[in-house]
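Written below as structure tokens is the structure these notes are about.
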2 protein chains.
Amino acid sequence: MPRKDGTESPWIPGKLSGQGHRMTVPRKAILNVLSETTSHPSAEEIYLAVHKVYPAIGLTTVYRTLELLVQNGLVFKFDFGDGRARYELTESPTSIGHHHHLVCTRCRRIVDYSDFIDEEKELLKKTEKGLSKKYNFEIANHFILFQGLCEECRKAKQ
Amino acid sequence: MPRKDGTESPWIPGKLSGQGHRMTVPRKAILNVLSETTSHPSAEEIYLAVHKVYPAIGLTTVYRTLELLVQNGLVFKFDFGDGRARYELTESPTSIGHHHHLVCTRCRRIVDYSDFIDEEKELLKKTEKGLSKKYNFEIANHFILFQGLCEECRKAKQ
DNA sequence: ATGAAATTGAAAACCATTATCATTAAGGAG
DNA sequence: CTCCTTAATGATAATGGTTTTCAATTTCAT
């Protein structure tokens with residue numbers, strides 16, 4: 001369902017439309033922000049970014065839209081343990097690309113890594129297939145996280 | 001530092017003691033509950049379980065102790081997106097054993113799986129080593145999560 | 001046994017997220 | 001293009017998990 005004005009948007013046809021969902025100005029703005037982000041913004045960070053370009057936006061709408069996107073598999077929501085959820089486009093056309101995470105349990109520093117991912121890919125695909133069959137899930141994405149202590153925190157510990 | 005009464009506890013010598021931390025009755029009770037649990041209890045669930053055996057416990061103490069255990073790598077804290085953190089002993093001697101997670105993004109159902117884990121083990125170890133070296137992290141544990149839609153929710157969607 | 005320092009628990013504060021509800025906007029029908 | 005149904009929005013209030021505060025208690029090295 002290409003838009004009449006010819007512009008392209010990350011709104012994936014059929015994933016949201018076709019279920020009674022409407023393409024609104026706030027939703028476009030939120031998707032644009034997400035697609036241009038290279039980090040793991042929280043709802044409030046997304047709100048602030050959208051606010052710059054669309055000051056009428058309300059925080060409530062950000063939360064609601066994110067939830068909608070999560071429910072439809074367009075956005076991945078996760079929590080590193082710092083008390084606020086973080087969001088990422090499932091498929092980010094222009095930005096970071098697929099990566100996994102390394103978190104320091106002491107200072108909460110987050111490292112995105114994409115090394116070692118190629119080797120993981122095949123195994124993950126196989127696992128995904130196995131899980132999908134055994135538990136009857138339609139798997140949309142995965143999340144891998146390593147936890148530990150970064151160099152500074154290891155030193156600070158002594 | 002074995003206890004004088006000869007009983008064994010999951011309190012790992014040197015990991016908590018030796019840093020000014022004390023072994024108290026509430027902490028013992030919390031660790032006992034954790035070591036006998038086969039699920040992913042939230043702080044409140046842990047509080048309720050401890051309360052049965054040690055009614056004087058306060059919810060605050062549960063939160064504080066869990067945070068201490070997380071900071072010291074004895075407990076793994078994570079969030080499936082339902083607004084409360086969940087906790088697991090990093091090494092559970094008597095209970096579930098190592099497993100990964102499969103979550104339905106719609107109904108939030110959680111499936112623990114330990115299938116496919118053996119095949120992952122070697123790769124994870126290699127990845128861990130690589131990350132450890134490249135980013136100078138001391139890695140304590142990992143967390144793997146697949147997200148998707150369970151059978152019921154897939155049907156309900158239509 | 002003693003005392004400094006860590007720990008505890010009740011209560012209040014905090015703050016991310018959700019619910020409420022009156023108003024506005026999207027988009028298909030005509 | 002205009003109507004009209006219904007979804008979506010945003011301000012505000014409410015919710016609820018988690019953290020802070022602080023006086024009282026407990027631990028454990030001495």
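To be explicit about the labels: the chains of the structure tokens are called A, B, and onward in the order shown, and within each one the residues are counted from 1, while ligands get numbers from 1 in the order they are shown.
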
Any chance you could fit chain A onto chain B with least squares, all Cα atoms in order, and share the moved copy as a CSV table (one decimal) with C-alpha atoms, in the first residue's frame?
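Final output, saved to result14.csv:
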chain,number,residue,atom,x,y,z
A,1,MET,CA,34.6,-19.9,54.9
A,2,PRO,CA,32.5,-22.8,56.0
A,3,ARG,CA,29.9,-21.9,58.6
A,4,LYS,CA,30.5,-22.9,62.2
A,5,ASP,CA,27.3,-24.9,62.5
A,6,GLY,CA,28.4,-27.0,59.5
A,7,THR,CA,25.4,-26.3,57.4
A,8,GLU,CA,25.9,-25.6,53.8
A,9,SER,CA,24.4,-22.5,52.1
A,10,PRO,CA,24.5,-21.2,48.5
A,11,TRP,CA,26.4,-18.2,49.8
A,12,ILE,CA,29.5,-18.5,47.9
A,13,PRO,CA,32.6,-17.8,50.0
A,14,GLY,CA,34.7,-14.9,48.9
A,15,LYS,CA,32.1,-13.7,46.4
A,16,LEU,CA,30.2,-11.8,49.0
A,17,SER,CA,32.2,-12.1,52.2
A,18,GLY,CA,35.6,-10.5,52.1
A,19,GLN,CA,34.0,-7.3,50.9
A,20,GLY,CA,32.5,-6.2,54.1
A,21,HIS,CA,29.2,-8.1,53.5
A,22,ARG,CA,27.6,-9.9,56.3
A,23,MET,CA,25.7,-13.1,56.3
A,24,THR,CA,22.4,-12.3,57.9
A,25,VAL,CA,19.2,-14.2,58.6
A,26,PRO,CA,17.2,-12.4,55.9
A,27,ARG,CA,19.9,-13.0,53.3
A,28,LYS,CA,20.0,-16.7,54.1
A,29,ALA,CA,16.3,-16.9,53.8
A,30,ILE,CA,16.3,-15.2,50.4
A,31,LEU,CA,19.0,-17.4,49.1
A,32,ASN,CA,17.2,-20.5,50.3
A,33,VAL,CA,14.1,-19.4,48.5
A,34,LEU,CA,16.0,-18.7,45.3
A,35,SER,CA,17.8,-22.0,45.4
A,36,GLU,CA,14.5,-23.9,45.8
A,37,THR,CA,12.7,-22.1,43.1
A,38,THR,CA,12.1,-23.5,39.6
A,39,SER,CA,10.6,-20.4,38.1
A,40,HIS,CA,11.5,-16.7,37.5
A,41,PRO,CA,10.2,-15.1,40.6
A,42,SER,CA,9.7,-11.3,40.8
A,43,ALA,CA,10.9,-9.4,43.9
A,44,GLU,CA,7.4,-9.5,45.3
A,45,GLU,CA,7.0,-13.3,44.7
A,46,ILE,CA,10.4,-13.8,46.5
A,47,TYR,CA,9.2,-11.6,49.3
A,48,LEU,CA,6.0,-13.6,49.7
A,49,ALA,CA,7.9,-16.9,49.8
A,50,VAL,CA,10.4,-15.6,52.3
A,51,HIS,CA,7.7,-14.1,54.4
A,52,LYS,CA,6.2,-17.5,55.0
A,53,VAL,CA,9.3,-18.7,56.7
A,54,TYR,CA,10.5,-15.4,58.0
A,55,PRO,CA,7.6,-13.1,58.5
A,56,ALA,CA,9.7,-10.2,59.8
A,57,ILE,CA,11.2,-9.7,56.3
A,58,GLY,CA,10.6,-6.4,54.6
A,59,LEU,CA,10.2,-5.9,50.9
A,60,THR,CA,12.9,-3.3,50.9
A,61,THR,CA,15.4,-5.9,52.2
A,62,VAL,CA,14.4,-8.3,49.4
A,63,TYR,CA,15.2,-5.6,46.8
A,64,ARG,CA,18.4,-4.7,48.5
A,65,THR,CA,19.6,-8.2,48.8
A,66,LEU,CA,18.7,-9.1,45.2
A,67,GLU,CA,20.6,-6.1,44.0
A,68,LEU,CA,23.6,-7.1,46.1
A,69,LEU,CA,23.5,-10.6,44.6
A,70,VAL,CA,23.2,-9.3,41.1
A,71,GLN,CA,26.1,-7.0,41.6
A,72,ASN,CA,28.2,-9.9,42.7
A,73,GLY,CA,27.1,-12.2,39.9
A,74,LEU,CA,25.3,-14.7,42.1
A,75,VAL,CA,21.9,-13.8,40.7
A,76,PHE,CA,20.7,-13.0,37.2
A,77,LYS,CA,18.2,-10.2,36.8
A,78,PHE,CA,16.2,-9.8,33.7
A,79,ASP,CA,13.0,-8.3,32.4
A,80,PHE,CA,10.6,-9.9,29.9
A,81,GLY,CA,8.7,-6.7,29.3
A,82,ASP,CA,5.9,-7.0,31.8
A,83,GLY,CA,7.1,-4.2,34.0
A,84,ARG,CA,8.8,-6.2,36.8
A,85,ALA,CA,12.2,-7.6,37.1
A,86,ARG,CA,12.7,-11.3,37.5
A,87,TYR,CA,15.5,-13.2,39.3
A,88,GLU,CA,17.3,-16.5,39.0
A,89,LEU,CA,20.3,-17.9,40.8
A,90,THR,CA,23.2,-17.9,38.4
A,91,GLU,CA,24.1,-21.4,39.4
A,92,SER,CA,21.2,-23.3,40.8
A,93,PRO,CA,22.4,-26.5,42.5
A,94,THR,CA,19.1,-28.2,43.0
A,95,SER,CA,16.8,-26.6,40.5
A,96,ILE,CA,16.1,-25.9,36.8
A,97,GLY,CA,19.6,-25.7,35.5
A,98,HIS,CA,20.7,-23.6,32.6
A,99,HIS,CA,18.1,-22.7,30.1
A,100,HIS,CA,17.0,-20.0,27.7
A,101,HIS,CA,13.7,-18.4,27.1
A,102,LEU,CA,10.9,-18.1,24.6
A,103,VAL,CA,8.4,-15.4,25.1
A,104,CYS,CA,5.1,-14.6,23.5
A,105,THR,CA,5.0,-10.9,22.8
A,106,ARG,CA,1.2,-10.9,23.0
A,107,CYS,CA,0.2,-12.9,26.1
A,108,ARG,CA,3.7,-12.8,27.7
A,109,ARG,CA,3.8,-16.5,28.2
A,110,ILE,CA,7.3,-17.7,29.0
A,111,VAL,CA,8.7,-21.0,27.9
A,112,ASP,CA,11.9,-22.2,29.4
A,113,TYR,CA,13.8,-24.4,27.0
A,114,SER,CA,17.0,-26.4,27.5
A,115,ASP,CA,16.8,-28.1,24.2
A,116,PHE,CA,19.4,-27.0,21.6
A,117,ILE,CA,21.5,-25.6,24.4
A,118,ASP,CA,24.3,-28.1,24.1
A,119,GLU,CA,24.9,-27.0,20.5
A,120,GLU,CA,24.9,-23.4,21.6
A,121,LYS,CA,27.4,-24.0,24.4
A,122,GLU,CA,30.5,-24.2,22.4
A,123,LEU,CA,29.7,-21.2,20.2
A,124,LEU,CA,28.8,-19.2,23.3
A,125,LYS,CA,32.0,-20.0,24.9
A,126,LYS,CA,33.9,-18.9,21.8
A,127,THR,CA,31.9,-15.7,21.5
A,128,GLU,CA,32.4,-15.0,25.2
A,129,LYS,CA,36.1,-15.3,24.9
A,130,GLY,CA,36.2,-13.1,21.8
A,131,LEU,CA,34.0,-10.4,23.5
A,132,SER,CA,36.0,-10.6,26.7
A,133,LYS,CA,39.2,-9.9,24.9
A,134,LYS,CA,37.9,-7.2,22.5
A,135,TYR,CA,35.9,-5.2,25.0
A,136,ASN,CA,37.8,-6.0,28.1
A,137,PHE,CA,34.9,-7.4,29.9
A,138,GLU,CA,34.8,-10.1,32.6
A,139,ILE,CA,31.8,-12.0,31.4
A,140,ALA,CA,29.7,-13.6,34.1
A,141,ASN,CA,26.7,-15.0,32.2
A,142,HIS,CA,24.5,-14.8,29.1
A,143,PHE,CA,20.9,-14.5,28.3
A,144,ILE,CA,19.2,-15.7,25.2
A,145,LEU,CA,15.6,-14.9,24.4
A,146,PHE,CA,13.5,-15.7,21.4
A,147,GLN,CA,10.3,-13.6,20.9
A,148,GLY,CA,7.3,-14.5,18.9
A,149,LEU,CA,3.7,-15.5,19.0
A,150,CYS,CA,2.4,-18.6,20.7
A,151,GLU,CA,-0.2,-20.8,19.0
A,152,GLU,CA,-3.2,-19.3,20.8
A,153,CYS,CA,-2.2,-15.8,20.1
A,154,ARG,CA,-1.6,-16.5,16.5
A,155,LYS,CA,-5.1,-17.9,16.2
A,156,ALA,CA,-6.6,-15.0,18.3
A,157,LYS,CA,-5.0,-12.6,15.9
A,158,GLN,CA,-7.3,-13.5,13.0

Go through chain C residue by residue and, counting only C-alpha atoms (C1' of nucleotides), keep those with an atom at most 8 Å from chain B; for each kept residue give the shortest atom pair and its distance in Å to one decimal, ordered by chain and increasing number, as a tab-separated table.
residue	atom	partner	partner_atom	distance
C:DA6	C1'	B:Arg22	CA	7.3
C:DT8	C1'	B:Thr61	CA	6.9
C:DG9	C1'	B:Gly58	CA	5.5

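With the cut-off set to 10 Å and only C-alpha atoms (C1' of nucleotides) counted, chain D residues close to chain B are DG16, DG17, DT18, DT19, DT26, DT27 and DC28 of chain D.
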
Nearby residues (only C-alpha atoms (C1' of nucleotides)) at most 12 Å from stretch 4-6 of chain D, same-chain spacing under 5 positions excluded, as a list of chain:residue names:
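The contact residues come out as A:Gly20, A:His21, A:Arg22, C:DT24, C:DA25, C:DA26, C:DG27, C:DG28, C:DA29, C:DG30.
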
Please, could you write that set of residues out with N, CA and C atoms (P, O5', C5', C4', C3', O3' and C1' of nucleotides) as an mmCIF file, in the first residue's frame?
data_model
loop_
_atom_site.group_PDB
_atom_site.id
_atom_site.type_symbol
_atom_site.label_atom_id
_atom_site.label_comp_id
_atom_site.auth_asym_id
_atom_site.auth_seq_id
_atom_site.Cartn_x
_atom_site.Cartn_y
_atom_site.Cartn_z
ATOM 1 N N GLY A 20 -7.057 -2.394 10.803
ATOM 2 C CA GLY A 20 -7.773 -1.265 11.381
ATOM 3 C C GLY A 20 -6.872 -0.180 11.920
ATOM 4 N N HIS A 21 -5.542 -0.344 11.695
ATOM 5 C CA HIS A 21 -4.625 0.679 12.204
ATOM 6 C C HIS A 21 -4.442 1.790 11.182
ATOM 7 N N ARG A 22 -4.377 3.001 11.677
ATOM 8 C CA ARG A 22 -4.257 4.142 10.768
ATOM 9 C C ARG A 22 -2.860 4.734 10.781
ATOM 10 P P DT C 24 -11.215 19.755 19.700
ATOM 11 O "O5'" DT C 24 -10.397 18.711 18.813
ATOM 12 C "C5'" DT C 24 -9.062 18.388 19.207
ATOM 13 C "C4'" DT C 24 -8.506 17.382 18.229
ATOM 14 C "C3'" DT C 24 -8.650 17.746 16.758
ATOM 15 O "O3'" DT C 24 -7.379 17.626 16.160
ATOM 16 C "C1'" DT C 24 -9.446 15.559 17.135
ATOM 17 P P DA C 25 -7.159 17.947 14.602
ATOM 18 O "O5'" DA C 25 -7.053 16.501 13.958
ATOM 19 C "C5'" DA C 25 -6.158 15.555 14.545
ATOM 20 C "C4'" DA C 25 -6.220 14.252 13.782
ATOM 21 C "C3'" DA C 25 -6.170 14.383 12.264
ATOM 22 O "O3'" DA C 25 -5.384 13.298 11.799
ATOM 23 C "C1'" DA C 25 -8.163 13.286 12.904
ATOM 24 P P DA C 26 -4.903 13.192 10.311
ATOM 25 O "O5'" DA C 26 -5.442 11.763 9.904
ATOM 26 C "C5'" DA C 26 -5.059 10.648 10.708
ATOM 27 C "C4'" DA C 26 -5.798 9.409 10.252
ATOM 28 C "C3'" DA C 26 -5.733 9.157 8.751
ATOM 29 O "O3'" DA C 26 -5.517 7.761 8.564
ATOM 30 C "C1'" DA C 26 -8.002 9.372 9.462
ATOM 31 P P DG C 27 -5.013 7.216 7.171
ATOM 32 O "O5'" DG C 27 -6.363 6.712 6.502
ATOM 33 C "C5'" DG C 27 -7.228 5.845 7.228
ATOM 34 C "C4'" DG C 27 -8.527 5.710 6.480
ATOM 35 C "C3'" DG C 27 -8.384 5.771 4.948
ATOM 36 O "O3'" DG C 27 -9.386 4.931 4.387
ATOM 37 C "C1'" DG C 27 -9.845 7.411 5.628
ATOM 38 P P DG C 28 -9.017 3.811 3.317
ATOM 39 O "O5'" DG C 28 -10.446 3.159 3.026
ATOM 40 C "C5'" DG C 28 -11.079 2.400 4.039
ATOM 41 C "C4'" DG C 28 -12.576 2.636 4.018
ATOM 42 C "C3'" DG C 28 -13.214 2.434 2.651
ATOM 43 O "O3'" DG C 28 -14.469 1.771 2.828
ATOM 44 C "C1'" DG C 28 -13.653 4.640 3.413
ATOM 45 P P DA C 29 -15.358 1.400 1.550
ATOM 46 O "O5'" DA C 29 -16.578 2.419 1.726
ATOM 47 C "C5'" DA C 29 -17.259 2.484 2.993
ATOM 48 C "C4'" DA C 29 -18.475 3.382 2.860
ATOM 49 C "C3'" DA C 29 -19.287 3.157 1.590
ATOM 50 O "O3'" DA C 29 -20.659 3.360 1.882
ATOM 51 C "C1'" DA C 29 -18.393 5.367 1.592
ATOM 52 P P DG C 30 -21.740 3.044 0.795
ATOM 53 O "O5'" DG C 30 -22.043 4.490 0.183
ATOM 54 C "C5'" DG C 30 -22.517 5.520 1.060
ATOM 55 C "C4'" DG C 30 -22.525 6.833 0.302
ATOM 56 C "C3'" DG C 30 -23.178 6.739 -1.085
ATOM 57 O "O3'" DG C 30 -24.237 7.687 -1.173
ATOM 58 C "C1'" DG C 30 -21.101 7.890 -1.190
#

Please run DSSP on the backbone and report, as a count of residues only, all residues within stretch 31-86 of chain A that come out as alpha helix (DSSP H).
30

Between atom C1' of C:DA11 and atom C1' of D:DA23, measure the distance and give it in Å to one decimal.
11.9 Å

Near D:DT12, within 12 Å and counting only C-alpha atoms (C1' of nucleotides), which residues show up once chain neighbours fewer than 2 positions away are dropped, as JSON, numbers by chain?
{"A": [58, 60], "C": [19, 20, 21, 22], "D": [10, 14]}

Please produce an output containing N, CA and C atoms (P, O5', C5', C4', C3', O3' and C1' of nucleotides) for each residue in the selection, written as a PDB file, in the first residue's frame.
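For reference, part-v4.pdb as written:
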ATOM      1  N   GLY A  58       2.427  13.796  22.457  1.00  0.00           N
ATOM      2  CA  GLY A  58       2.308  13.524  23.878  1.00  0.00           C
ATOM      3  C   GLY A  58       3.064  12.253  24.232  1.00  0.00           C
ATOM      4  N   THR A  60       2.183   9.943  26.143  1.00  0.00           N
ATOM      5  CA  THR A  60       1.244   8.814  26.082  1.00  0.00           C
ATOM      6  C   THR A  60       1.221   8.186  24.696  1.00  0.00           C
TER       7      THR A  60
ATOM      8  P    DA C  19      -3.589  -0.110  31.124  1.00  0.00           P
ATOM      9  O5'  DA C  19      -4.513   1.041  31.721  1.00  0.00           O
ATOM     10  C5'  DA C  19      -4.752   1.080  33.119  1.00  0.00           C
ATOM     11  C4'  DA C  19      -5.757   2.175  33.435  1.00  0.00           C
ATOM     12  C3'  DA C  19      -7.029   2.172  32.590  1.00  0.00           C
ATOM     13  O3'  DA C  19      -8.113   2.466  33.454  1.00  0.00           O
ATOM     14  C1'  DA C  19      -5.892   4.254  32.354  1.00  0.00           C
ATOM     15  P    DT C  20      -9.606   2.567  32.860  1.00  0.00           P
ATOM     16  O5'  DT C  20      -9.866   4.136  32.755  1.00  0.00           O
ATOM     17  C5'  DT C  20      -9.362   4.990  33.776  1.00  0.00           C
ATOM     18  C4'  DT C  20      -9.864   6.413  33.556  1.00  0.00           C
ATOM     19  C3'  DT C  20     -11.123   6.540  32.716  1.00  0.00           C
ATOM     20  O3'  DT C  20     -11.922   7.580  33.273  1.00  0.00           O
ATOM     21  C1'  DT C  20      -9.394   7.792  31.721  1.00  0.00           C
ATOM     22  P    DC C  21     -13.518   7.686  32.864  1.00  0.00           P
ATOM     23  O5'  DC C  21     -13.508   8.929  31.870  1.00  0.00           O
ATOM     24  C5'  DC C  21     -12.812  10.120  32.230  1.00  0.00           C
ATOM     25  C4'  DC C  21     -12.776  11.078  31.052  1.00  0.00           C
ATOM     26  C3'  DC C  21     -13.963  10.933  30.086  1.00  0.00           C
ATOM     27  O3'  DC C  21     -14.315  12.231  29.615  1.00  0.00           O
ATOM     28  C1'  DC C  21     -11.981  10.705  28.898  1.00  0.00           C
ATOM     29  P    DA C  22     -15.911  12.552  29.366  1.00  0.00           P
ATOM     30  O5'  DA C  22     -15.799  13.986  28.700  1.00  0.00           O
ATOM     31  C5'  DA C  22     -14.863  14.930  29.220  1.00  0.00           C
ATOM     32  C4'  DA C  22     -14.039  15.518  28.084  1.00  0.00           C
ATOM     33  C3'  DA C  22     -14.867  15.999  26.886  1.00  0.00           C
ATOM     34  O3'  DA C  22     -14.371  17.265  26.470  1.00  0.00           O
ATOM     35  C1'  DA C  22     -13.213  14.495  26.148  1.00  0.00           C
TER      36       DA C  22
ATOM     37  P    DG D  10      -0.542  13.727  20.206  1.00  0.00           P
ATOM     38  O5'  DG D  10      -1.107  14.370  21.543  1.00  0.00           O
ATOM     39  C5'  DG D  10      -2.028  15.440  21.456  1.00  0.00           C
ATOM     40  C4'  DG D  10      -2.487  15.811  22.857  1.00  0.00           C
ATOM     41  C3'  DG D  10      -1.377  15.826  23.904  1.00  0.00           C
ATOM     42  O3'  DG D  10      -1.705  16.833  24.846  1.00  0.00           O
ATOM     43  C1'  DG D  10      -2.993  14.282  24.549  1.00  0.00           C
ATOM     44  P    DA D  14      -6.707  10.817  40.583  1.00  0.00           P
ATOM     45  O5'  DA D  14      -6.144   9.385  40.172  1.00  0.00           O
ATOM     46  C5'  DA D  14      -6.905   8.595  39.277  1.00  0.00           C
ATOM     47  C4'  DA D  14      -6.159   7.309  38.985  1.00  0.00           C
ATOM     48  C3'  DA D  14      -5.693   6.554  40.230  1.00  0.00           C
ATOM     49  O3'  DA D  14      -6.062   5.195  40.052  1.00  0.00           O
ATOM     50  C1'  DA D  14      -3.870   6.900  38.762  1.00  0.00           C
TER      51       DA D  14
END

So how many Å separate atom C1' of C:DT17 and atom C1' of D:DT9, to one decimal?
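Taking atom C1' of C:DT17 and atom C1' of D:DT9, their separation equals 17.1 Å.
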
Run DSSP on the backbone of this structure and report the residues of stretch 72-126 of chain B it assigns to strand (DSSP E or B), as a list in words.
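Restricting stretch 72-126 of chain B to strand (DSSP E or B) produces Val75, Phe76, Lys77, Phe78, Arg86, Tyr87, Glu88, Leu89, His100, His101, Leu102, Val103, Cys104, Ile110, Val111, Asp112 and Tyr113 of chain B.
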
Give me, please, the distance in Å between atom C1' of C:DT2 and atom C1' of D:DT21, quoted to one decimal.
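The value is 28.3 Å.
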